[in-house]
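Below is one structure, written out as structure tokens; comments come after it.
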There are 2 protein chains.
Amino acid sequence: MASSAAAAAQAATPLLKDELDIVIPTIRNLDFLEMWRPFFQPYHLIIVQDGDPKKTIRVPEGFDYELYNRDDINRILGPRASCISFKDSACRCFGYMVSKKKYIYTIDDDCFVSFFPPFHPSINFASVRSVSVKVAKDPSGKDINALEQHIKNLLSPSTPYFFNTLYDPYRDGADFVRGYPFSLREGAPTAVSHGLWLNIPDYDAPTQLVKPLERNSRYVDAVMTIPKGTLFPMCGMNLAFDRDLIGPAMYFGLMGDGQPIGRYDDMWAGWCTKVITDHLGLGVKTGLPYIWHSKASNPFVNLKKEYNGIFWQEELIPFFQSASLPKEADTVQKCYLELAKQVRAKLGKVDGYFNKLADSMVTWIEAWDQLNPPKGAVATANGTAKSK
Amino acid sequence: MASSAAAAAQAATPLLKDELDIVIPTIRNLDFLEMWRPFFQPYHLIIVQDGDPKKTIRVPEGFDYELYNRDDINRILGPRASCISFKDSACRCFGYMVSKKKYIYTIDDDCFVSFFPPFHPSINFASVRSVSVKVAKDPSGKDINALEQHIKNLLSPSTPYFFNTLYDPYRDGADFVRGYPFSLREGAPTAVSHGLWLNIPDYDAPTQLVKPLERNSRYVDAVMTIPKGTLFPMCGMNLAFDRDLIGPAMYFGLMGDGQPIGRYDDMWAGWCTKVITDHLGLGVKTGLPYIWHSKASNPFVNLKKEYNGIFWQEELIPFFQSASLPKEADTVQKCYLELAKQVRAKLGKVDGYFNKLADSMVTWIEAWDQLNPPKGAVATANGTAKSK
């Protein structure tokens, strides 16, 4: 299986054209797409317009896209629209829900961020039109086709049960090393591919403040599976996943307008996702591809958004590390509803926000099922896992 | 603590001269040391001569070393010498025991391996004098100082409790990314640094047979912690560890002459070590540095040695994955003796060999304590862990 999967990954590299949607949250014109044209143009885009729905978003010519603003979200989901964040890039998860494709790639246009330095808390960042996520180059100077690498990652198995010291054993020129149990070499279906960033690293506000000049110039030529039982900080800036396998767990939570927290949307999704992929026997990869992150967000603004999260996270990590799902939870939806129950029971006492979040998690699943009615029984995560 | 540890790692880079021994198992002249002279000459070598003790081993001029042959081992350990393998590079662990230093670096001279291709099962491989472990070059063409990188790895903390997507956060130009809990940023003391190999990868016999031409040319510029709860295949070819923190767990088992298994010596040590470091709150790193492995061992000979291991490993991995040590096991020795007990109870039924191995594990600890009498109480693994 391993080798046929690897072969499939190779053959399918420029493909999946009709099986993948690119989801982009934005509040502004999408001129940044020009840079990505050679790679993105064959694909369908789902643009989730945040903020004022009256504003017109310009999309460069030649792209195939659908665009949803807040009015669309409210119309489509009705009262359930309350689970979709407003004035925060967390709104992107609406795009995951309306997609009908098997795979999703999501990328920031960094619409909410600004230049740095200089910075000042009084600057209106929404008014700054900077493009900060660009195509990166590999060490040979060639433009990196991030999407192609994500597809390779998703189409080849993961190895969550035992660490391979030569990293992804399914890559060309690599394999399982001596001492790797043969019974584990089939691997597990890959649900998530987490890509990285050159130049501006994805640091929290305190680290940004302490290391304003730090840049990531280290190109690490590796893809690896995050082992079962290990949590990681999932960044939504450069992320792909198999919607059939894990889509309903990719809820980016309640952030932004009216919420006491921001910049934890992708983290929340990552922690929920990891607990569920571990439970369902799926894999999560991290490493290649890199994108070029050219502008740092403002650390003062970020600190304000992160402030509560920095405290809460100390309770959230032990919660997710010890979270256990029952055997009966055999679909992503069931897992997610069970997790929502545990969030309410165990995190409600940390802050009332988590009760609201637990409610939204339930609403999210209702909305997901509304837009993705089960085919026959529950379509996600059983049949597809086996068909890999 | 993190930043002071990082600073210490930098300042100490060419140092530890009086705190580190290099352990080399061999059956032949050590001409390969010429290549390593610029890096190894400042350090003390412990050479463990395997096979015929009457043979004279030539060591290039100018190296500071002590050499032990089988007669020495028998004289020093008496009946306990039975725990040290004969006619197998597993004998190297005797060197760990006689060292009085805090750190060990061990490297193969690959004395038991040969050229490939061509190969033939009838060749007497012990007679072939090939040097197969050489200094590797980094992508800029500079010779890699493997020892320096291992020391850096050992002197900076590990991060076993949460995955950092930018790899080792203590390296220059890296840090913890957004979403990494602040309470975990002190890390854990690093007990083991596992280095890799360019050119000939460390494959098992079946993979060697199937991919005779595969070479590892991918230089992955990363060091990472193997997460808590995850096992890995530890290769003894390019390995460093903190003897005070984990030494007594670095037993390379019973291999070679009279034993039904070979080429699992380092694997066995790695699995035991990982269970114990996890229990004691220590870290294991893998990645840089690379050495250059120029000659593959003979896959037919390897298959003969590995044959039983390939089957047994399917039982060993679940055993180690579920092994649990009691709270009272608060030193490496206590952990190791407890593990020996569990090996006898649970693996004895897989094959009688494991009863013999369990006995040897106990003998090994007795021999360790004989050569390393406890200072005050038990010297290893409590004071040192705290002093980091």
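If you're wondering about the labels, chains in the structure tokens are A, B, ... by order shown, residues count from 1 in each chain, ligands from 1 in order shown.
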| request: Counting only C-alpha atoms, collect the residues of chain A whose closest atom lies at most 7 Å from chain B, and write them out as number ranges by chain. | output: A: 162-164, 173-174, 177-181, 202-204, 214-216, 220-222, 227, 230-233, 267, 313-314
| request: Determine, counting only C-alpha atoms, which protein, DNA and RNA residues have an atom within 9 Å of an atom of stretch 57-69 of chain A; residues of the same chain fewer than 2 positions away are not included. Present the result as an NGL selection string. | output: :A and (26-34 or 37 or 40-55 or 71-74 or 94-95)
Present chain A as a CSV table (one decimal) with C-alpha atoms, in the first residue's frame, least-squares fitted onto chain B over all of its C-alpha atoms paired in order.
chain,number,residue,atom,x,y,z
A,1,MET,CA,16.4,29.1,31.9
A,2,ALA,CA,15.9,28.4,28.2
A,3,SER,CA,18.0,31.4,27.1
A,4,SER,CA,20.8,30.8,29.7
A,5,ALA,CA,20.9,27.1,28.6
A,6,ALA,CA,21.2,28.3,25.0
A,7,ALA,CA,23.9,30.6,25.9
A,8,ALA,CA,25.7,27.9,27.8
A,9,ALA,CA,25.4,25.6,24.8
A,10,GLN,CA,27.1,28.2,22.7
A,11,ALA,CA,29.9,29.1,25.1
A,12,ALA,CA,30.6,25.4,25.8
A,13,THR,CA,30.7,24.4,22.1
A,14,PRO,CA,34.4,23.5,21.7
A,15,LEU,CA,34.6,22.5,25.3
A,16,LEU,CA,33.5,19.6,27.6
A,17,LYS,CA,37.0,18.4,26.8
A,18,ASP,CA,37.3,16.9,30.3
A,19,GLU,CA,33.7,15.8,30.5
A,20,LEU,CA,33.3,13.7,27.5
A,21,ASP,CA,34.6,10.3,26.4
A,22,ILE,CA,34.4,8.9,22.9
A,23,VAL,CA,33.6,5.2,22.9
A,24,ILE,CA,34.5,3.1,19.8
A,25,PRO,CA,34.0,-0.6,19.4
A,26,THR,CA,36.5,-2.2,17.0
A,27,ILE,CA,38.2,-5.4,15.8
A,28,ARG,CA,40.8,-3.7,13.7
A,29,ASN,CA,43.3,-0.8,13.3
A,30,LEU,CA,41.7,2.6,13.9
A,31,ASP,CA,43.0,4.3,10.8
A,32,PHE,CA,39.6,5.9,10.4
A,33,LEU,CA,40.5,8.2,13.3
A,34,GLU,CA,42.8,10.2,11.0
A,35,MET,CA,39.7,11.7,9.3
A,36,TRP,CA,38.3,12.7,12.7
A,37,ARG,CA,41.6,14.0,14.1
A,38,PRO,CA,40.7,17.7,14.1
A,39,PHE,CA,37.5,17.0,16.0
A,40,PHE,CA,38.4,14.1,18.2
A,41,GLN,CA,42.0,14.7,19.2
A,42,PRO,CA,41.2,16.9,22.2
A,43,TYR,CA,39.1,14.2,23.7
A,44,HIS,CA,39.8,10.9,25.5
A,45,LEU,CA,38.9,7.7,23.7
A,46,ILE,CA,37.7,4.5,25.1
A,47,ILE,CA,38.3,1.7,22.7
A,48,VAL,CA,36.5,-1.6,23.2
A,49,GLN,CA,38.3,-4.3,21.2
A,50,ASP,CA,36.0,-7.1,20.2
A,51,GLY,CA,37.0,-10.5,19.1
A,52,ASP,CA,40.4,-12.1,19.5
A,53,PRO,CA,42.1,-10.3,22.5
A,54,LYS,CA,45.5,-11.4,21.2
A,55,LYS,CA,45.2,-9.2,18.1
A,56,THR,CA,47.0,-5.8,18.3
A,57,ILE,CA,44.9,-2.8,17.4
A,58,ARG,CA,46.8,0.1,16.0
A,59,VAL,CA,45.7,3.6,17.1
A,60,PRO,CA,47.0,6.6,15.2
A,61,GLU,CA,49.6,8.7,17.0
A,62,GLY,CA,48.6,11.6,19.2
A,63,PHE,CA,45.3,10.3,20.4
A,64,ASP,CA,44.7,9.9,24.1
A,65,TYR,CA,43.0,6.6,24.7
A,66,GLU,CA,42.5,3.5,26.9
A,67,LEU,CA,41.8,0.2,25.2
A,68,TYR,CA,39.9,-2.8,26.7
A,69,ASN,CA,39.9,-6.3,25.1
A,70,ARG,CA,37.9,-9.3,26.1
A,71,ASP,CA,40.5,-10.4,28.7
A,72,ASP,CA,40.3,-6.9,30.3
A,73,ILE,CA,36.5,-7.1,30.4
A,74,ASN,CA,36.6,-10.6,32.0
A,75,ARG,CA,39.2,-9.5,34.5
A,76,ILE,CA,37.4,-6.3,35.5
A,77,LEU,CA,33.8,-7.7,35.7
A,78,GLY,CA,34.5,-11.3,36.6
A,79,PRO,CA,31.4,-13.5,36.2
A,80,ARG,CA,29.4,-10.3,35.4
A,81,ALA,CA,31.3,-10.1,32.1
A,82,SER,CA,28.6,-12.4,30.8
A,83,CYS,CA,26.4,-9.4,30.2
A,84,ILE,CA,28.8,-7.9,27.6
A,85,SER,CA,28.3,-9.2,24.1
A,86,PHE,CA,31.2,-10.9,22.3
A,87,LYS,CA,31.8,-10.6,18.5
A,88,ASP,CA,29.3,-7.9,18.2
A,89,SER,CA,29.6,-4.1,18.3
A,90,ALA,CA,27.1,-4.3,21.2
A,91,CYS,CA,30.3,-4.7,23.3
A,92,ARG,CA,30.7,-0.9,23.1
A,93,CYS,CA,28.5,-0.5,26.2
A,94,PHE,CA,31.3,-1.7,28.3
A,95,GLY,CA,32.9,1.6,27.4
A,96,TYR,CA,30.0,3.5,28.8
A,97,MET,CA,30.4,1.7,32.1
A,98,VAL,CA,34.2,2.2,32.6
A,99,SER,CA,34.0,5.9,31.6
A,100,LYS,CA,34.1,8.4,34.5
A,101,LYS,CA,32.9,11.3,32.4
A,102,LYS,CA,29.5,13.0,32.3
A,103,TYR,CA,29.0,12.7,28.5
A,104,ILE,CA,29.6,9.9,26.0
A,105,TYR,CA,29.8,10.0,22.2
A,106,THR,CA,29.9,6.7,20.4
A,107,ILE,CA,30.7,6.2,16.8
A,108,ASP,CA,31.1,3.1,14.6
A,109,ASP,CA,34.2,2.3,12.9
A,110,ASP,CA,32.0,-0.2,11.1
A,111,CYS,CA,34.4,-2.9,11.8
A,112,PHE,CA,31.9,-5.7,11.1
A,113,VAL,CA,30.7,-4.5,7.8
A,114,SER,CA,32.0,-4.7,4.4
A,115,PHE,CA,31.6,-3.4,0.8
A,116,PHE,CA,28.5,-3.5,-1.2
A,117,PRO,CA,28.1,-4.1,-4.1
A,118,PRO,CA,29.5,-6.6,-4.8
A,119,PHE,CA,28.6,-9.0,-2.0
A,120,HIS,CA,28.4,-12.7,-1.4
A,121,PRO,CA,27.4,-14.6,1.7
A,122,SER,CA,30.6,-16.6,1.6
A,123,ILE,CA,32.9,-13.6,2.0
A,124,ASN,CA,34.7,-13.3,5.3
A,125,PHE,CA,33.6,-9.9,6.3
A,126,ALA,CA,35.8,-9.6,9.4
A,127,SER,CA,38.8,-9.7,7.0
A,128,VAL,CA,37.7,-6.7,5.0
A,129,ARG,CA,39.2,-3.5,6.2
A,130,SER,CA,36.9,-0.8,5.1
A,131,VAL,CA,36.3,2.5,6.7
A,132,SER,CA,32.7,3.4,6.4
A,133,VAL,CA,31.9,6.2,8.8
A,134,LYS,CA,33.4,9.4,7.7
A,135,VAL,CA,33.1,13.1,8.3
A,136,ALA,CA,30.1,14.5,6.4
A,137,LYS,CA,29.9,17.9,4.8
A,138,ASP,CA,27.1,20.4,5.3
A,139,PRO,CA,25.4,21.9,2.2
A,140,SER,CA,27.9,24.7,2.2
A,141,GLY,CA,30.7,22.1,1.7
A,142,LYS,CA,32.1,22.6,5.2
A,143,ASP,CA,33.2,19.5,7.3
A,144,ILE,CA,30.6,18.8,9.9
A,145,ASN,CA,31.9,18.8,13.5
A,146,ALA,CA,29.5,16.1,14.6
A,147,LEU,CA,30.7,16.2,18.2
A,148,GLU,CA,30.1,19.9,18.5
A,149,GLN,CA,26.5,19.5,17.4
A,150,HIS,CA,25.9,16.7,19.8
A,151,ILE,CA,27.2,18.8,22.6
A,152,LYS,CA,24.9,21.6,21.6
A,153,ASN,CA,22.0,19.2,21.5
A,154,LEU,CA,22.8,17.8,25.0
A,155,LEU,CA,23.4,21.2,26.6
A,156,SER,CA,20.2,22.7,25.5
A,157,PRO,CA,16.8,21.5,26.8
A,158,SER,CA,14.4,19.2,25.0
A,159,THR,CA,10.7,19.7,24.5
A,160,PRO,CA,9.0,16.3,24.9
A,161,TYR,CA,5.6,17.6,26.0
A,162,PHE,CA,4.4,19.6,23.0
A,163,PHE,CA,5.5,19.7,19.4
A,164,ASN,CA,7.2,22.9,18.1
A,165,THR,CA,6.6,23.3,14.4
A,166,LEU,CA,9.8,25.2,13.9
A,167,TYR,CA,11.7,22.3,15.4
A,168,ASP,CA,14.3,23.0,18.2
A,169,PRO,CA,13.2,26.3,19.7
A,170,TYR,CA,16.6,26.8,21.4
A,171,ARG,CA,18.6,27.0,18.2
A,172,ASP,CA,19.7,30.4,16.8
A,173,GLY,CA,17.0,31.9,14.7
A,174,ALA,CA,14.2,29.8,16.1
A,175,ASP,CA,11.9,30.0,19.1
A,176,PHE,CA,8.6,28.6,20.3
A,177,VAL,CA,5.7,29.4,17.9
A,178,ARG,CA,2.4,31.0,18.7
A,179,GLY,CA,0.2,28.6,20.6
A,180,TYR,CA,3.1,26.9,22.5
A,181,PRO,CA,2.2,27.0,26.2
A,182,PHE,CA,4.5,29.3,28.1
A,183,SER,CA,4.6,26.9,31.1
A,184,LEU,CA,6.4,24.3,28.9
A,185,ARG,CA,9.1,26.6,27.5
A,186,GLU,CA,11.7,25.7,30.1
A,187,GLY,CA,11.8,22.3,28.5
A,188,ALA,CA,13.3,19.2,30.0
A,189,PRO,CA,17.0,18.2,30.5
A,190,THR,CA,18.3,16.4,27.4
A,191,ALA,CA,19.6,12.9,28.0
A,192,VAL,CA,20.2,11.7,24.4
A,193,SER,CA,21.3,13.2,21.1
A,194,HIS,CA,20.8,10.9,18.1
A,195,GLY,CA,22.6,11.9,15.0
A,196,LEU,CA,21.9,10.8,11.4
A,197,TRP,CA,23.8,9.5,8.3
A,198,LEU,CA,24.2,10.8,4.8
A,199,ASN,CA,24.8,8.5,1.9
A,200,ILE,CA,24.1,4.9,3.1
A,201,PRO,CA,20.9,5.0,5.2
A,202,ASP,CA,20.5,2.8,8.2
A,203,TYR,CA,18.1,0.3,6.6
A,204,ASP,CA,17.2,-3.2,7.7
A,205,ALA,CA,18.2,-6.2,5.5
A,206,PRO,CA,14.9,-6.5,3.6
A,207,THR,CA,15.0,-2.8,2.7
A,208,GLN,CA,18.7,-3.1,1.7
A,209,LEU,CA,17.8,-6.0,-0.5
A,210,VAL,CA,14.9,-4.2,-2.2
A,211,LYS,CA,16.7,-0.8,-2.6
A,212,PRO,CA,20.3,-1.7,-3.1
A,213,LEU,CA,21.1,1.7,-4.7
A,214,GLU,CA,19.2,4.0,-2.4
A,215,ARG,CA,21.4,6.8,-0.9
A,216,ASN,CA,20.4,9.4,1.6
A,217,SER,CA,21.3,12.8,0.1
A,218,ARG,CA,18.8,14.9,1.9
A,219,TYR,CA,20.4,17.1,4.5
A,220,VAL,CA,17.6,18.1,6.8
A,221,ASP,CA,18.7,21.1,8.8
A,222,ALA,CA,16.8,20.3,12.0
A,223,VAL,CA,17.1,19.0,15.5
A,224,MET,CA,13.9,17.9,17.2
A,225,THR,CA,12.7,16.3,20.4
A,226,ILE,CA,11.0,12.9,20.1
A,227,PRO,CA,7.7,13.5,21.9
A,228,LYS,CA,6.9,11.8,25.2
A,229,GLY,CA,5.2,8.5,24.6
A,230,THR,CA,6.7,8.0,21.2
A,231,LEU,CA,9.2,5.3,20.5
A,232,PHE,CA,11.9,5.6,17.8
A,233,PRO,CA,14.6,3.4,16.3
A,234,MET,CA,17.8,4.5,18.0
A,235,CYS,CA,20.9,3.8,15.9
A,236,GLY,CA,24.2,3.5,17.7
A,237,MET,CA,26.3,4.7,14.8
A,238,ASN,CA,26.4,8.3,15.7
A,239,LEU,CA,25.0,8.8,19.2
A,240,ALA,CA,25.7,10.9,22.3
A,241,PHE,CA,24.2,10.9,25.7
A,242,ASP,CA,24.5,12.2,29.2
A,243,ARG,CA,25.9,9.4,31.2
A,244,ASP,CA,24.8,10.9,34.6
A,245,LEU,CA,21.3,11.2,33.4
A,246,ILE,CA,20.7,8.0,31.5
A,247,GLY,CA,23.9,5.9,31.4
A,248,PRO,CA,22.7,2.8,33.2
A,249,ALA,CA,19.9,2.4,30.6
A,250,MET,CA,22.3,2.3,27.7
A,251,TYR,CA,22.8,-1.4,27.8
A,252,PHE,CA,23.2,-2.8,24.3
A,253,GLY,CA,21.9,-6.2,25.2
A,254,LEU,CA,23.1,-9.7,24.3
A,255,MET,CA,24.0,-10.0,20.7
A,256,GLY,CA,26.6,-11.7,18.6
A,257,ASP,CA,28.4,-14.9,19.6
A,258,GLY,CA,26.0,-17.5,20.8
A,259,GLN,CA,22.9,-15.3,20.6
A,260,PRO,CA,20.0,-15.8,18.3
A,261,ILE,CA,19.9,-12.1,17.2
A,262,GLY,CA,22.0,-9.3,16.0
A,263,ARG,CA,21.6,-5.7,14.9
A,264,TYR,CA,19.0,-5.0,17.6
A,265,ASP,CA,21.6,-3.9,20.2
A,266,ASP,CA,21.0,-0.2,19.7
A,267,MET,CA,17.3,-0.6,19.2
A,268,TRP,CA,17.0,-2.4,22.5
A,269,ALA,CA,18.9,0.3,24.2
A,270,GLY,CA,16.8,3.0,22.5
A,271,TRP,CA,13.5,1.5,23.5
A,272,CYS,CA,14.5,1.0,27.1
A,273,THR,CA,16.0,4.4,27.2
A,274,LYS,CA,12.9,6.1,25.8
A,275,VAL,CA,10.6,4.5,28.3
A,276,ILE,CA,12.9,5.6,31.1
A,277,THR,CA,13.5,9.1,29.9
A,278,ASP,CA,9.7,9.6,29.5
A,279,HIS,CA,9.2,8.3,33.0
A,280,LEU,CA,12.0,10.5,34.5
A,281,GLY,CA,11.1,13.7,32.6
A,282,LEU,CA,14.1,13.7,30.4
A,283,GLY,CA,14.4,14.5,26.7
A,284,VAL,CA,15.7,12.7,23.6
A,285,LYS,CA,16.7,14.6,20.5
A,286,THR,CA,17.2,13.5,16.9
A,287,GLY,CA,18.4,15.1,13.7
A,288,LEU,CA,21.7,16.9,13.3
A,289,PRO,CA,24.6,16.1,13.2
A,290,TYR,CA,25.1,13.9,10.1
A,291,ILE,CA,28.0,11.6,9.6
A,292,TRP,CA,29.0,10.2,6.2
A,293,HIS,CA,28.2,6.5,6.0
A,294,SER,CA,30.1,5.3,3.0
A,295,LYS,CA,29.8,1.5,2.9
A,296,ALA,CA,26.7,-0.6,3.3
A,297,SER,CA,26.9,-3.7,5.3
A,298,ASN,CA,26.1,-7.0,3.6
A,299,PRO,CA,22.3,-7.5,3.5
A,300,PHE,CA,22.5,-11.3,3.5
A,301,VAL,CA,24.6,-11.3,6.6
A,302,ASN,CA,22.3,-8.7,8.1
A,303,LEU,CA,19.2,-10.8,7.3
A,304,LYS,CA,20.6,-13.7,9.2
A,305,LYS,CA,21.3,-11.5,12.2
A,306,GLU,CA,18.0,-9.7,12.0
A,307,TYR,CA,15.7,-12.6,11.1
A,308,ASN,CA,14.5,-13.2,14.7
A,309,GLY,CA,14.4,-9.6,15.5
A,310,ILE,CA,12.0,-8.8,12.6
A,311,PHE,CA,9.4,-11.2,14.2
A,312,TRP,CA,10.1,-10.3,17.8
A,313,GLN,CA,10.0,-6.6,17.2
A,314,GLU,CA,6.3,-6.9,16.5
A,315,GLU,CA,5.9,-8.0,20.1
A,316,LEU,CA,8.5,-5.8,21.6
A,317,ILE,CA,7.0,-2.5,20.3
A,318,PRO,CA,3.6,-3.0,21.9
A,319,PHE,CA,5.4,-4.2,25.1
A,320,PHE,CA,7.5,-1.0,25.3
A,321,GLN,CA,4.5,1.2,24.2
A,322,SER,CA,2.5,0.0,27.1
A,323,ALA,CA,5.3,-0.4,29.7
A,324,SER,CA,4.7,1.6,32.7
A,325,LEU,CA,7.1,2.3,35.6
A,326,PRO,CA,6.1,2.8,39.2
A,327,LYS,CA,6.5,6.1,40.9
A,328,GLU,CA,9.1,4.6,43.3
A,329,ALA,CA,11.4,4.0,40.3
A,330,ASP,CA,13.1,7.4,40.7
A,331,THR,CA,16.6,6.5,39.4
A,332,VAL,CA,17.7,5.0,36.1
A,333,GLN,CA,18.9,1.9,37.9
A,334,LYS,CA,15.5,1.3,39.6
A,335,CYS,CA,13.7,1.9,36.3
A,336,TYR,CA,16.0,-0.5,34.5
A,337,LEU,CA,15.6,-3.3,37.1
A,338,GLU,CA,11.8,-2.8,37.0
A,339,LEU,CA,11.9,-3.0,33.2
A,340,ALA,CA,14.0,-6.2,33.4
A,341,LYS,CA,11.3,-7.7,35.6
A,342,GLN,CA,8.6,-6.8,33.0
A,343,VAL,CA,10.8,-8.2,30.2
A,344,ARG,CA,10.9,-11.6,32.0
A,345,ALA,CA,7.2,-11.5,32.8
A,346,LYS,CA,5.9,-10.5,29.4
A,347,LEU,CA,8.5,-11.3,26.8
A,348,GLY,CA,9.8,-14.6,28.3
A,349,LYS,CA,6.9,-16.4,26.6
A,350,VAL,CA,7.9,-14.9,23.2
A,351,ASP,CA,11.2,-16.7,23.3
A,352,GLY,CA,13.5,-18.1,26.0
A,353,TYR,CA,16.1,-15.6,24.9
A,354,PHE,CA,14.3,-12.8,26.7
A,355,ASN,CA,14.7,-14.6,30.1
A,356,LYS,CA,18.4,-14.7,29.4
A,357,LEU,CA,18.3,-11.0,28.4
A,358,ALA,CA,16.4,-10.1,31.5
A,359,ASP,CA,19.0,-11.8,33.6
A,360,SER,CA,21.7,-9.9,31.8
A,361,MET,CA,19.9,-6.6,32.3
A,362,VAL,CA,20.1,-7.2,36.1
A,363,THR,CA,23.8,-8.3,35.7
A,364,TRP,CA,24.5,-5.1,33.7
A,365,ILE,CA,23.1,-2.9,36.5
A,366,GLU,CA,25.2,-4.8,39.1
A,367,ALA,CA,28.3,-4.3,37.0
A,368,TRP,CA,27.4,-0.7,36.5
A,369,ASP,CA,27.1,-0.1,40.2
A,370,GLN,CA,30.3,-2.1,40.8
A,371,LEU,CA,32.3,0.3,38.5
A,372,ASN,CA,30.3,3.4,39.5
A,373,PRO,CA,29.7,3.1,43.3
A,374,PRO,CA,27.0,5.4,44.4
A,375,LYS,CA,28.3,8.7,45.8
A,376,GLY,CA,26.3,9.2,49.0
A,377,ALA,CA,23.0,7.8,47.8
A,378,VAL,CA,22.4,7.1,44.1
A,379,ALA,CA,24.3,9.7,42.2
A,380,THR,CA,22.7,9.4,38.8
A,381,ALA,CA,19.7,11.2,37.5
A,382,ASN,CA,18.5,13.1,40.5
A,383,GLY,CA,21.1,15.7,41.5
A,384,THR,CA,22.3,16.2,38.0
A,385,ALA,CA,18.8,16.6,36.5
A,386,LYS,CA,18.2,19.5,38.9
A,387,SER,CA,21.6,21.2,38.4
A,388,LYS,CA,21.0,21.8,34.7
| query | In stretch 126-159 of chain A, what's helix (DSSP H, G or I) per DSSP? Answer as a ChimeraX atom specification? | reply | /A:126-127,146-155
| Can you list, as a PyMOL selection string, every residue of stretch 86-282 of chain B that DSSP puts in strand (DSSP E or B)? | chain B and resi 86+103-107+133-134+137+143+158+188+190-199+216+223-225+238-242+256
